[in-house]
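Shown next: work.cif, given as mmCIF, C-alpha atoms.
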```cif
data_target
#
loop_
_atom_site.label_atom_id
_atom_site.label_comp_id
_atom_site.auth_asym_id
_atom_site.auth_seq_id
_atom_site.Cartn_x
_atom_site.Cartn_y
_atom_site.Cartn_z
CA MET A 1 0.00 0.00 0.00
CA LYS A 2 2.75 2.39 0.99
CA ARG A 3 4.63 1.66 -2.21
CA ILE A 4 1.60 2.42 -4.37
CA ALA A 5 1.07 5.71 -2.56
CA ARG A 6 4.68 6.67 -3.05
CA SER A 7 4.75 5.88 -6.76
CA THR A 8 1.48 7.74 -7.26
CA LEU A 9 2.93 10.75 -5.50
CA GLN A 10 6.08 10.58 -7.59
CA THR A 11 4.08 10.43 -10.81
CA ALA A 12 1.96 13.36 -9.71
CA ILE A 13 5.03 15.43 -8.84
CA ASN A 14 6.49 14.55 -12.21
CA LEU A 15 3.37 15.77 -14.01
CA VAL A 16 3.26 18.97 -11.95
CA PHE A 17 6.91 19.60 -12.79
CA PHE A 18 6.23 19.37 -16.52
CA ALA A 19 3.13 21.56 -16.20
CA VAL A 20 5.08 24.26 -14.38
CA LEU A 21 7.90 24.08 -16.92
CA ALA A 22 5.44 24.36 -19.81
CA THR A 23 3.71 27.35 -18.19
CA ALA A 24 7.05 29.09 -17.64
CA ILE A 25 8.08 28.61 -21.28
CA LEU A 26 4.71 29.82 -22.60
CA ALA A 27 4.69 32.85 -20.31
CA SER A 28 8.15 33.94 -21.38
CA VAL A 29 7.43 33.53 -25.11
CA PHE A 30 4.18 35.44 -24.61
CA PHE A 31 6.01 38.38 -23.06
CA LEU A 32 8.78 38.27 -25.66
CA THR A 33 6.38 38.40 -28.61
CA ARG A 34 3.68 40.62 -27.11
CA ASP A 35 4.94 43.92 -28.49
CA ALA A 36 5.66 42.49 -31.94
CA ILE A 37 2.16 40.98 -32.08
CA LYS A 38 0.57 44.27 -31.12
CA LYS A 39 2.62 46.08 -33.71
CA SER A 40 1.73 43.72 -36.55
CA GLU A 41 -1.97 43.81 -35.61
CA GLU A 42 -1.93 47.60 -35.69
CA ALA A 43 -0.04 47.61 -38.98
CA GLU A 44 -2.65 45.29 -40.47
CA LYS A 45 -5.49 47.49 -39.20
CA MET A 46 -3.73 50.56 -40.58
CA LYS A 47 -3.37 48.84 -43.97
CA LEU A 48 -7.14 48.27 -44.12
CA ILE A 49 -7.92 51.79 -42.94
CA ASN A 50 -5.49 53.27 -45.49
CA GLN A 51 -7.35 51.46 -48.24
CA ILE A 52 -10.65 53.13 -47.44
CA VAL A 53 -9.61 56.48 -45.96
CA PRO A 54 -7.50 58.51 -48.42
CA SER A 55 -4.37 59.74 -46.66
CA THR A 56 -5.27 63.32 -47.70
CA LEU A 57 -8.27 63.11 -45.35
CA PHE A 58 -6.41 62.91 -42.06
CA ASP A 59 -3.32 63.98 -40.19
CA ASN A 60 -4.10 62.43 -36.80
CA ASN A 61 -3.20 59.02 -35.44
CA ILE A 62 -6.38 57.18 -36.45
CA ILE A 63 -5.50 54.00 -34.57
CA LYS A 64 -5.40 55.89 -31.29
CA ASP A 65 -8.38 58.22 -31.87
CA THR A 66 -11.08 55.70 -31.13
CA LEU A 67 -14.57 55.60 -29.70
CA THR A 68 -16.14 52.50 -28.22
CA ILE A 69 -19.54 51.74 -29.71
CA PRO A 70 -21.79 49.39 -27.77
CA ALA A 71 -23.54 46.55 -29.57
CA ASN A 72 -26.01 48.04 -32.03
CA GLU A 73 -28.76 46.63 -34.16
CA LEU A 74 -28.13 48.93 -37.12
CA LEU A 75 -24.48 47.88 -37.22
CA GLY A 76 -25.38 44.24 -36.66
CA THR A 77 -22.85 44.04 -33.82
CA GLU A 78 -23.38 42.02 -30.67
CA ASP A 79 -20.34 43.28 -28.85
CA ASN A 80 -18.49 46.54 -28.33
CA THR A 81 -16.68 47.74 -31.43
CA LEU A 82 -14.31 50.61 -32.09
CA ALA A 83 -14.90 53.56 -34.35
CA TYR A 84 -11.72 55.18 -35.68
CA ARG A 85 -11.91 58.91 -36.25
CA ALA A 86 -10.03 60.67 -39.03
CA ARG A 87 -9.34 64.35 -38.44
CA LEU A 88 -7.69 66.99 -40.58
CA LYS A 89 -6.26 69.93 -38.64
CA GLY A 90 -8.51 68.99 -35.74
CA GLU A 91 -11.69 68.99 -37.85
CA PRO A 92 -13.47 65.63 -38.18
CA SER A 93 -13.22 64.39 -41.76
CA ALA A 94 -14.25 60.73 -41.68
CA VAL A 95 -15.05 57.87 -39.36
CA VAL A 96 -14.28 54.17 -39.76
CA LEU A 97 -17.05 51.86 -38.55
CA GLU A 98 -17.30 48.12 -38.22
CA SER A 99 -20.49 46.44 -39.30
CA ILE A 100 -21.74 42.87 -39.60
CA ALA A 101 -24.08 41.62 -42.31
CA PRO A 102 -25.85 38.78 -40.51
CA ASP A 103 -27.53 37.26 -43.56
CA GLY A 104 -24.78 36.22 -45.97
CA PHE A 105 -25.09 32.93 -47.86
CA SER A 106 -22.88 31.19 -45.27
CA GLY A 107 -23.39 33.26 -42.17
CA ARG A 108 -21.97 36.60 -41.19
CA ILE A 109 -19.92 38.97 -43.26
CA TRP A 110 -17.70 41.39 -41.32
CA LEU A 111 -17.37 44.77 -42.97
CA ILE A 112 -15.34 47.85 -42.30
CA LEU A 113 -16.52 51.11 -43.80
CA ALA A 114 -15.33 54.69 -43.87
CA VAL A 115 -17.90 57.49 -43.93
CA ARG A 116 -16.88 61.05 -44.70
CA ALA A 117 -18.17 63.84 -42.47
CA ASN A 118 -20.73 64.75 -45.16
CA GLY A 119 -22.27 61.26 -45.05
CA GLU A 120 -20.60 60.03 -48.25
CA LEU A 121 -18.94 56.62 -48.22
CA ALA A 122 -15.17 56.84 -48.64
CA GLY A 123 -14.91 53.08 -49.02
CA VAL A 124 -16.07 49.67 -47.84
CA ARG A 125 -14.03 46.48 -47.38
CA VAL A 126 -14.87 42.95 -46.31
CA VAL A 127 -12.77 41.83 -43.35
CA THR A 128 -13.96 38.23 -42.95
CA HIS A 129 -16.58 36.11 -44.65
CA LYS A 130 -17.37 32.48 -45.40
CA GLU A 131 -19.08 32.92 -48.76
CA THR A 132 -18.56 30.26 -51.43
CA PRO A 133 -15.12 30.59 -53.03
CA GLY A 134 -15.45 31.41 -56.71
CA LEU A 135 -19.10 32.39 -56.39
CA GLY A 136 -19.95 34.74 -53.55
CA ASP A 137 -16.42 35.87 -52.79
CA TYR A 138 -16.43 38.66 -55.40
CA ILE A 139 -17.22 41.00 -52.51
CA GLU A 140 -13.49 40.76 -51.67
CA LEU A 141 -11.33 43.35 -53.37
CA PRO A 142 -8.60 41.01 -54.67
CA LYS A 143 -11.28 38.91 -56.42
CA SER A 144 -13.29 41.70 -58.00
CA PRO A 145 -13.68 45.49 -57.83
CA TRP A 146 -17.38 45.11 -56.97
CA ILE A 147 -16.97 46.52 -53.45
CA LYS A 148 -15.74 49.80 -54.96
CA ASN A 149 -19.32 50.42 -56.17
CA PHE A 150 -19.91 51.90 -52.74
CA ASP A 151 -17.27 54.62 -53.08
CA GLY A 152 -18.88 58.05 -53.03
CA LYS A 153 -22.40 56.73 -52.43
CA SER A 154 -24.53 58.34 -49.74
CA ARG A 155 -28.05 58.27 -48.40
CA ALA A 156 -28.48 61.78 -49.73
CA GLY A 157 -27.97 60.54 -53.29
CA TYR A 158 -29.69 57.17 -53.01
CA LYS A 159 -33.12 56.65 -51.48
CA ASP A 160 -33.92 53.57 -49.42
CA ALA A 161 -35.31 51.79 -52.49
CA ASP A 162 -31.99 52.32 -54.30
CA TRP A 163 -30.02 50.50 -51.60
CA LYS A 164 -30.75 47.11 -53.12
CA VAL A 165 -29.24 44.95 -55.84
CA LYS A 166 -30.58 45.62 -59.33
CA LYS A 167 -32.53 42.36 -59.28
CA ASP A 168 -34.59 43.77 -56.39
CA GLY A 169 -35.09 47.13 -58.11
CA GLY A 170 -32.10 48.89 -56.55
CA GLN A 171 -28.94 50.47 -57.94
CA PHE A 172 -26.26 47.90 -57.13
CA ASP A 173 -24.77 45.37 -59.53
CA TYR A 174 -24.56 41.70 -58.67
CA MET A 175 -23.29 38.59 -60.36
CA ALA A 176 -25.73 35.98 -61.63
CA GLY A 177 -25.78 32.94 -59.38
CA ALA A 178 -24.76 34.79 -56.25
CA THR A 179 -27.37 37.37 -55.22
CA ILE A 180 -27.68 36.59 -51.54
CA THR A 181 -24.16 37.76 -50.74
CA PRO A 182 -24.32 41.25 -52.33
CA ARG A 183 -27.88 41.68 -51.04
CA ALA A 184 -26.61 41.16 -47.49
CA VAL A 185 -23.68 43.54 -47.97
CA VAL A 186 -25.77 46.33 -49.53
CA LYS A 187 -28.34 46.05 -46.75
CA ALA A 188 -25.67 46.17 -44.05
CA VAL A 189 -23.94 49.20 -45.59
CA ASN A 190 -27.24 51.08 -45.83
CA LYS A 191 -28.03 50.31 -42.21
CA ALA A 192 -24.59 51.42 -41.12
CA LEU A 193 -25.17 54.74 -42.92
CA VAL A 194 -28.47 55.15 -41.07
CA TYR A 195 -26.52 54.59 -37.85
CA PHE A 196 -24.05 57.26 -38.93
CA GLU A 197 -26.86 59.75 -39.63
CA GLN A 198 -28.39 59.16 -36.21
CA ASN A 199 -25.13 59.31 -34.28
CA ARG A 200 -23.04 61.72 -36.32
CA ASP A 201 -22.34 64.21 -33.54
CA LYS A 202 -21.58 61.51 -30.99
CA LEU A 203 -19.18 59.79 -33.35
CA PHE A 204 -17.11 62.89 -33.95
CA ALA A 205 -17.17 64.18 -30.38
CA PRO A 206 -13.62 64.44 -29.07
CA SER A 207 -13.06 61.83 -26.42
CA PRO A 208 -9.99 61.12 -24.35
CA GLN A 209 -10.88 57.45 -24.13
CA GLN A 210 -8.21 55.26 -25.70
CA SER A 211 -8.66 51.56 -25.34
CA PRO A 212 -7.48 49.70 -28.44
CA ARG A 213 -9.41 46.53 -29.03
CA PRO A 214 -9.07 44.13 -31.95
CA LEU A 215 -11.49 44.43 -34.85
CA ALA A 216 -14.67 42.46 -34.30
CA GLY A 217 -13.84 40.01 -37.09
CA GLU A 218 -10.55 38.91 -35.63
CA GLY A 219 -10.51 36.08 -33.20
CA LYS A 220 -13.91 34.92 -34.40
CA LEU A 221 -12.57 33.10 -37.42
CA MET B 1 23.83 6.19 -35.83
CA ASN B 2 25.59 6.06 -39.15
CA LEU B 3 24.80 7.76 -42.40
CA GLN B 4 22.79 4.84 -43.76
CA GLU B 5 20.37 5.02 -40.86
CA TYR B 6 19.76 8.73 -41.46
CA LYS B 7 19.17 7.97 -45.12
CA ASP B 8 16.61 5.36 -44.08
CA ILE B 9 14.87 7.88 -41.82
CA PHE B 10 14.47 10.31 -44.71
CA TYR B 11 13.48 7.59 -47.19
CA ASN B 12 10.79 6.45 -44.74
CA GLY B 13 9.46 9.94 -44.10
CA LEU B 14 9.46 11.17 -47.67
CA TRP B 15 8.33 8.03 -49.50
CA LYS B 16 8.01 4.60 -47.90
CA GLN B 17 6.04 5.63 -44.78
CA ASN B 18 4.89 9.04 -46.06
CA PRO B 19 2.36 10.33 -43.52
CA GLY B 20 0.14 11.89 -46.18
CA ILE B 21 -0.28 9.10 -48.74
CA VAL B 22 0.83 5.92 -46.91
CA GLN B 23 0.04 6.28 -43.21
CA LEU B 24 -2.89 8.59 -44.05
CA LEU B 25 -2.35 10.47 -40.80
CA GLY B 26 -2.92 14.16 -40.32
CA LEU B 27 -5.66 14.48 -42.94
CA CYS B 28 -7.53 17.28 -41.16
CA PRO B 29 -5.14 20.05 -42.27
CA LEU B 30 -4.33 18.15 -45.45
CA LEU B 31 -7.86 18.47 -46.73
CA ALA B 32 -8.69 21.85 -45.24
CA VAL B 33 -5.79 24.09 -46.24
CA SER B 34 -4.59 22.48 -49.44
CA SER B 35 -6.70 24.76 -51.64
CA THR B 36 -3.58 26.75 -52.60
CA VAL B 37 0.13 25.87 -52.69
CA VAL B 38 1.13 28.70 -50.38
CA ASN B 39 -1.35 27.78 -47.64
CA ALA B 40 -0.56 24.08 -47.94
CA VAL B 41 3.23 24.45 -47.83
CA SER B 42 3.09 27.03 -45.04
CA LEU B 43 1.05 24.80 -42.77
CA GLY B 44 3.21 21.83 -43.80
CA LEU B 45 6.38 23.67 -42.78
CA ALA B 46 4.83 24.82 -39.50
CA THR B 47 3.88 21.19 -38.78
CA SER B 48 7.40 19.99 -39.73
CA LEU B 49 8.93 22.52 -37.35
CA VAL B 50 6.66 21.39 -34.53
CA MET B 51 7.40 17.71 -35.29
CA ALA B 52 11.17 18.19 -35.36
CA LEU B 53 11.11 20.25 -32.14
CA SER B 54 8.75 17.92 -30.29
CA ASN B 55 10.79 14.84 -31.20
CA LEU B 56 13.99 16.71 -30.31
CA SER B 57 12.72 17.80 -26.90
CA ILE B 58 10.98 14.57 -25.94
CA ALA B 59 13.77 12.12 -26.84
CA PRO B 60 16.24 13.36 -24.15
CA ILE B 61 13.64 13.28 -21.36
CA ARG B 62 12.01 10.00 -22.36
CA SER B 63 13.57 8.06 -19.47
CA TYR B 64 12.36 10.59 -16.87
CA VAL B 65 8.71 10.38 -17.89
CA PRO B 66 6.82 7.58 -16.09
CA ASN B 67 5.02 5.32 -18.50
CA GLU B 68 1.56 6.02 -17.03
CA ILE B 69 1.66 9.75 -17.72
CA ARG B 70 3.69 9.78 -20.90
CA ILE B 71 0.77 10.70 -23.18
CA PRO B 72 -0.31 13.77 -21.14
CA VAL B 73 3.30 14.92 -20.86
CA PHE B 74 3.91 14.46 -24.59
CA ILE B 75 0.72 16.34 -25.47
CA LEU B 76 1.67 19.10 -23.03
CA ILE B 77 5.06 19.54 -24.70
CA ILE B 78 3.56 19.45 -28.19
CA ALA B 79 0.93 22.01 -27.17
CA VAL B 80 3.63 24.33 -25.78
CA LEU B 81 5.64 24.10 -29.00
CA VAL B 82 2.59 24.74 -31.17
CA THR B 83 1.65 27.77 -29.10
CA VAL B 84 5.19 29.12 -29.39
CA VAL B 85 5.04 28.71 -33.17
CA GLN B 86 1.65 30.42 -33.16
CA TYR B 87 2.97 33.40 -31.18
CA LEU B 88 5.93 33.73 -33.52
CA MET B 89 3.74 33.63 -36.63
CA ASN B 90 1.31 36.10 -35.09
CA ALA B 91 4.21 38.45 -34.41
CA TYR B 92 6.25 38.14 -37.59
CA MET B 93 4.01 36.67 -40.33
CA TYR B 94 0.66 38.25 -39.55
CA GLY B 95 -0.93 37.82 -42.98
CA LEU B 96 -0.22 34.12 -43.03
CA TYR B 97 -1.34 33.80 -39.43
CA VAL B 98 -4.75 35.19 -40.36
CA VAL B 99 -5.06 32.86 -43.38
CA LEU B 100 -4.08 29.68 -41.53
CA GLY B 101 -6.16 30.77 -38.55
CA ILE B 102 -7.61 27.91 -36.61
CA PHE B 103 -5.35 25.32 -38.28
CA ILE B 104 -2.22 26.42 -36.41
CA PRO B 105 -3.53 25.54 -32.92
CA LEU B 106 -5.02 22.41 -34.47
CA ILE B 107 -1.50 21.10 -35.16
CA VAL B 108 -1.66 19.88 -31.55
CA THR B 109 -4.46 17.51 -32.44
CA ASN B 110 -2.77 16.33 -35.63
CA CYS B 111 -2.22 12.67 -34.84
CA ILE B 112 0.95 12.42 -36.92
CA VAL B 113 2.81 14.57 -34.36
CA LEU B 114 1.95 12.36 -31.38
CA ALA B 115 2.39 9.26 -33.55
CA ARG B 116 6.03 10.08 -34.30
CA VAL B 117 6.74 11.03 -30.69
CA GLU B 118 5.25 7.77 -29.48
CA ALA B 119 6.68 5.55 -32.23
CA PHE B 120 10.13 7.07 -32.63
CA ALA B 121 11.20 9.75 -30.13
CA SER B 122 10.24 7.70 -27.08
CA LYS B 123 12.63 4.95 -28.21
CA ASN B 124 15.55 6.80 -29.81
CA SER B 125 18.09 9.47 -28.94
CA ALA B 126 17.67 13.17 -29.67
CA LEU B 127 19.34 13.71 -33.04
CA PRO B 128 17.80 10.80 -34.98
CA SER B 129 14.44 11.70 -33.42
CA ALA B 130 14.68 15.29 -34.62
CA MET B 131 15.61 14.02 -38.09
CA ASP B 132 12.64 11.64 -38.05
CA GLY B 133 10.26 14.46 -37.12
CA LEU B 134 11.71 16.66 -39.83
CA ALA B 135 11.60 13.91 -42.49
CA MET B 136 8.01 12.94 -41.68
CA GLY B 137 7.01 16.62 -41.63
CA LEU B 138 8.66 17.25 -44.98
CA GLY B 139 6.96 14.17 -46.41
CA LEU B 140 3.62 15.61 -45.32
CA THR B 141 4.60 19.04 -46.68
CA ALA B 142 5.49 17.53 -50.06
CA VAL B 143 2.09 15.82 -50.32
CA LEU B 144 0.35 19.00 -49.19
CA GLY B 145 2.29 21.03 -51.73
CA VAL B 146 1.50 18.72 -54.66
CA LEU B 147 -2.16 18.51 -53.65
CA GLY B 148 -2.28 22.30 -53.22
CA ALA B 149 -0.75 22.81 -56.67
CA MET B 150 -3.23 20.41 -58.28
CA ARG B 151 -6.23 22.04 -56.63
CA GLU B 152 -5.04 25.57 -57.28
CA VAL B 153 -4.26 25.08 -60.98
CA ILE B 154 -7.49 23.16 -61.65
CA GLY B 155 -9.66 25.28 -59.39
CA LYS B 156 -8.34 28.77 -60.01
CA GLY B 157 -5.85 28.53 -62.87
CA THR B 158 -3.07 30.09 -60.78
CA LEU B 159 -0.02 28.99 -58.81
CA PHE B 160 1.43 30.61 -55.70
CA SER B 161 -1.50 32.98 -55.15
CA GLY B 162 -1.15 34.66 -51.76
CA ILE B 163 2.62 34.21 -51.69
CA ASP B 164 2.96 37.82 -50.53
CA LEU B 165 1.32 36.74 -47.26
CA ALA B 166 4.22 34.40 -46.59
CA LEU B 167 7.17 36.30 -48.04
CA GLY B 168 6.13 39.93 -47.76
CA ASP B 169 5.07 42.55 -50.28
CA MET B 170 8.08 42.03 -52.56
CA ALA B 171 6.60 38.69 -53.63
CA GLN B 172 3.37 40.24 -54.87
CA GLY B 173 4.27 39.76 -58.54
CA TRP B 174 5.27 36.11 -58.20
CA VAL B 175 1.80 34.68 -58.73
CA LEU B 176 1.72 32.58 -61.89
CA HIS B 177 -1.42 32.65 -64.00
CA ILE B 178 -1.12 29.21 -65.58
CA ILE B 179 -4.44 29.41 -67.42
CA PRO B 180 -5.31 32.99 -68.41
CA ASP B 181 -8.95 34.12 -68.14
CA TYR B 182 -9.86 30.91 -66.35
CA LYS B 183 -13.40 30.79 -65.03
CA GLY B 184 -12.46 28.41 -62.23
CA PHE B 185 -13.56 24.90 -61.40
CA LEU B 186 -15.26 25.14 -58.03
CA ILE B 187 -15.15 21.53 -56.89
CA ALA B 188 -11.35 21.50 -56.89
CA ILE B 189 -11.33 24.33 -54.32
CA LEU B 190 -14.08 22.86 -52.15
CA PRO B 191 -13.34 19.92 -49.78
CA PRO B 192 -14.38 17.17 -52.26
CA GLY B 193 -11.53 18.33 -54.49
CA ALA B 194 -9.11 17.49 -51.70
CA PHE B 195 -10.47 13.95 -51.37
CA ILE B 196 -10.36 13.35 -55.12
CA GLY B 197 -6.85 14.79 -55.38
CA LEU B 198 -5.60 12.72 -52.45
CA GLY B 199 -7.12 9.58 -53.99
CA LEU B 200 -5.28 10.29 -57.24
CA LEU B 201 -1.99 10.80 -55.39
CA ILE B 202 -2.36 7.50 -53.51
CA ALA B 203 -3.25 5.74 -56.75
CA GLY B 204 -0.22 7.29 -58.43
CA ARG B 205 2.11 6.11 -55.68
CA ASN B 206 0.68 2.57 -55.82
CA TRP B 207 1.08 2.50 -59.58
CA LEU B 208 4.74 3.52 -59.30
CA ASN B 209 5.33 0.85 -56.67
CA LEU B 210 3.63 -1.86 -58.73
CA ARG B 211 5.63 -0.94 -61.80
CA ALA B 212 8.87 -1.07 -59.83
CA ALA B 213 7.87 -4.47 -58.47
CA GLN B 214 7.06 -5.80 -61.93
CA LYS B 215 10.39 -4.60 -63.28
CA ALA B 216 12.15 -6.34 -60.43
CA ARG B 217 10.26 -9.56 -61.17
CA SER B 218 10.87 -9.60 -64.92
CA LYS B 219 14.61 -9.22 -64.38
CA PRO B 220 16.39 -12.59 -63.99
CA ALA B 221 17.22 -11.86 -60.41
CA PRO B 222 18.63 -14.41 -57.98
CA THR B 223 15.59 -13.93 -55.73
CA PRO B 224 12.45 -13.74 -57.90
CA LEU B 225 10.37 -12.38 -55.04
CA ALA B 226 8.56 -9.11 -55.50
CA SER B 227 9.86 -6.40 -53.24
CA PRO B 228 8.00 -6.37 -49.92
CA GLU B 229 6.92 -2.85 -50.68
CA ALA B 230 4.51 -3.90 -53.40
CA ALA B 231 2.47 -5.95 -51.01
CA GLN B 232 2.40 -3.14 -48.54
CA GLY B 233 1.69 -0.19 -50.83
#
```

Spell out the structure here as structure tokens.
Amino acid sequence: MKRIARSTLQTAINLVFFAVLATAILASVFFLTRDAIKKSEEAEKMKLINQIVPSTLFDNNIIKDTLTIPANELLGTEDNTLAYRARLKGEPSAVVLESIAPDGFSGRIWLILAVRANGELAGVRVVTHKETPGLGDYIELPKSPWIKNFDGKSRAGYKDADWKVKKDGGQFDYMAGATITPRAVVKAVNKALVYFEQNRDKLFAPSPQQSPRPLAGEGKL
Amino acid sequence: MNLQEYKDIFYNGLWKQNPGIVQLLGLCPLLAVSSTVVNAVSLGLATSLVMALSNLSIAPIRSYVPNEIRIPVFILIIAVLVTVVQYLMNAYMYGLYVVLGIFIPLIVTNCIVLARVEAFASKNSALPSAMDGLAMGLGLTAVLGVLGAMREVIGKGTLFSGIDLALGDMAQGWVLHIIPDYKGFLIAILPPGAFIGLGLLIAGRNWLNLRAAQKARSKPAPTPLASPEAAQG
């Protein structure tokens, strides 16, 4: 009996030793790579933002000038997201919003869109989606320029009925065989613009709050 | 360990006991990420690195690990190594990290890693074990690469698309458009394409083996037996 107890104890100590060692290694690698990870995530975010906000529109540090937006039905978000504010000589020029189209062909489509201060879209990009490769994925820029249709559009120029694909009587092109995907994106962009109209002043209000958080799409792959 | 034994280790990993088309282990990433060459080879190399490191680190401590808890300890070490690789990719190859996504942490559950630790590293010394991990990993990478090339050319008409994610912006122009103005062949990109492609690769390997065996038989050799490989393949 005593021998069994001793060997059990030895085995347990052995396992604990390896667990502690593993934790120590992981913790040190985590601290060693933490800054580099943060830097590459910010660089990636900046790359996306640069694509949709022309560099002539801002002179501030967009990544740091953020506003936390609580979950919102118009944006399709179920969690806090960040809005990035572009300012030129202190004057608000554009805001970058995250939005989720809940009704894609294969689930959600994460979007990022930049709205100029006058309510015009500066650009829209798809961050993550699971649409069928080769069919619904033309909403991605590398696959097709379709997403650039949104550039310069606004709710002042297009009425609600225009914010639909042409098949449904709206103004937006689509590709035959994949209508559900663009329908979801167009609807989500329109709703995000409605959100912008309703919250314009709040979005551009200067706020000292600076709490960088990853884009909603990341980590939910 | 002499040179011949190292040669055997590599011959086993790359051809005779190839994890992808002979042992058929580690199919989860094989089928999921082999839609392009770049994705396939990147995950293959990450897996090879983990396999070499896990064999290398487990072989020296094999006598200190009690038999009853060897599996949890091995898995713990593999999980640590995979997480380290994941941190490094997140920090220095962000684009690729996003593309491979969930499949990097899933290397832990890839049975080929534990299989080599259990079958080789727990019985051999450090250096041959590391070589075994590397050889098996490279064998898997080769299969992944060929499968990725097949699926990408047939499915999209390109080769090396997305290479800039792995090698940086300077590689942006390296994408080859094998078939210009190709409309694409969807099934090759979707999971069934991976199964069909893998089946063709296995068939191809068996055909090569059979042909080699027939050649050996038709020759007036002192031992007219077919090579043992033919029966096995």

Would you give me, as JSON, numbers by chain, the residues of chain B that come within 7 Å of chain A, using all atoms listed in the file?
{"B": [66, 73, 77, 80, 84, 87, 88, 90, 91, 94, 101, 184, 186]}

Students should find that CA of Phe185 (chain B) and CA of Ile154 (chain B) are spaced 6.3 Å

Translate the PyMOL selection byres ((chain A and resi 172-189) around 10), as applied to the file shown, into an explicit residue set as a PyMOL selection string.
chain A and resi 74-76+98-113+121+124+126+129+131-132+134-139+146-147+149-150+160+162-171+190-195

Selection: 10 Å around Ser54 (chain B), all atoms listed in the file, excl. self and same-chain fewer than 5 positions, as a PyMOL selection string:
chain B and resi 48-49+59+74-75+77-82+113-114+116-117+121+129-130+133

As an exercise, work out the distance from CA of Gly193 (chain B) to CA of Arg151 (chain B) in Å and give it to one decimal place.
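Interatomic distance, CA of Gly193 (chain B) to CA of Arg151 (chain B): 6.8 Å.
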
Exercise: Phe204 (chain A) partners within 10 Å, all atoms listed in the file, chain neighbours under 4 positions left out, as a ChimeraX atom specification:
/A:66-67,83-87,91-95,117,199-200

Output check: residues returned by the PyMOL selection byres ((chain B and resi 13) around 12), as an MDAnalysis selection string
chainID B and resid 6:12 14:23 48 51 112 116 120 129 131:143

Separation of CA of Leu82 (chain A) from CA of Lys64 (chain A) in Å
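Separation of CA of Lys64 (chain A) and CA of Leu82 (chain A): 10.4 Å.
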
Give the padded box for region 99-110 of chain B as AutoDock Vina command-line options: axis-aligned, covering all atoms listed in the file, 3 Å on each side, centre and edge lengths in Å to one decimal.
```
--center_x -4.6 --center_y 24.6 --center_z -37.5 --size_x 12.1 --size_y 22.5 --size_z 17.8
```

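When all atoms listed in the file are used to measure the gap to Ile178 (chain B), the shortest distance among B:Pro29, B:Pro60, B:Gly157, B:Gly145 belongs to B:Gly157.
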
Quick one: of B:Leu144, B:Leu24, B:Ile196, B:Ala115, who's nearest to Gly44 (chain B), counting all atoms listed in the file?
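Comparing B:Leu144, B:Leu24, B:Ile196, B:Ala115 against Gly44 (chain B), the winner is B:Leu144.
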
Which residues fall under the PyMOL selection byres ((chain B and resi 158) around 6) in this file, as a PDB file with C-alpha atoms, keeping the file's coordinate frame?
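expr_12.pdb, freshly written:
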```
ATOM      1  CA  VAL B 153      -4.260  25.080 -60.980  1.00  0.00           C
ATOM      2  CA  LYS B 156      -8.340  28.770 -60.010  1.00  0.00           C
ATOM      3  CA  GLY B 157      -5.850  28.530 -62.870  1.00  0.00           C
ATOM      4  CA  LEU B 159      -0.020  28.990 -58.810  1.00  0.00           C
ATOM      5  CA  LEU B 176       1.720  32.580 -61.890  1.00  0.00           C
ATOM      6  CA  HIS B 177      -1.420  32.650 -64.000  1.00  0.00           C
ATOM      7  CA  ILE B 178      -1.120  29.210 -65.580  1.00  0.00           C
TER       8      ILE B 178
END
```

Among listed residues A:Leu57, A:Thr68, A:Gln51, A:Asp201, nearest Asp151 (chain A) (using all atoms listed in the file):
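Using all atoms listed in the file, the shortest distance to Asp151 (chain A) belongs to A:Gln51.
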
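The protein and nucleic acid residues lying at most 8 Å from Asn80 (chain A) are Thr68, Ile69, Pro70, Ala71, Thr77, Glu78 and Leu82 of chain A, with all atoms listed in the file considered and sequence neighbours fewer than 2 positions away removed.
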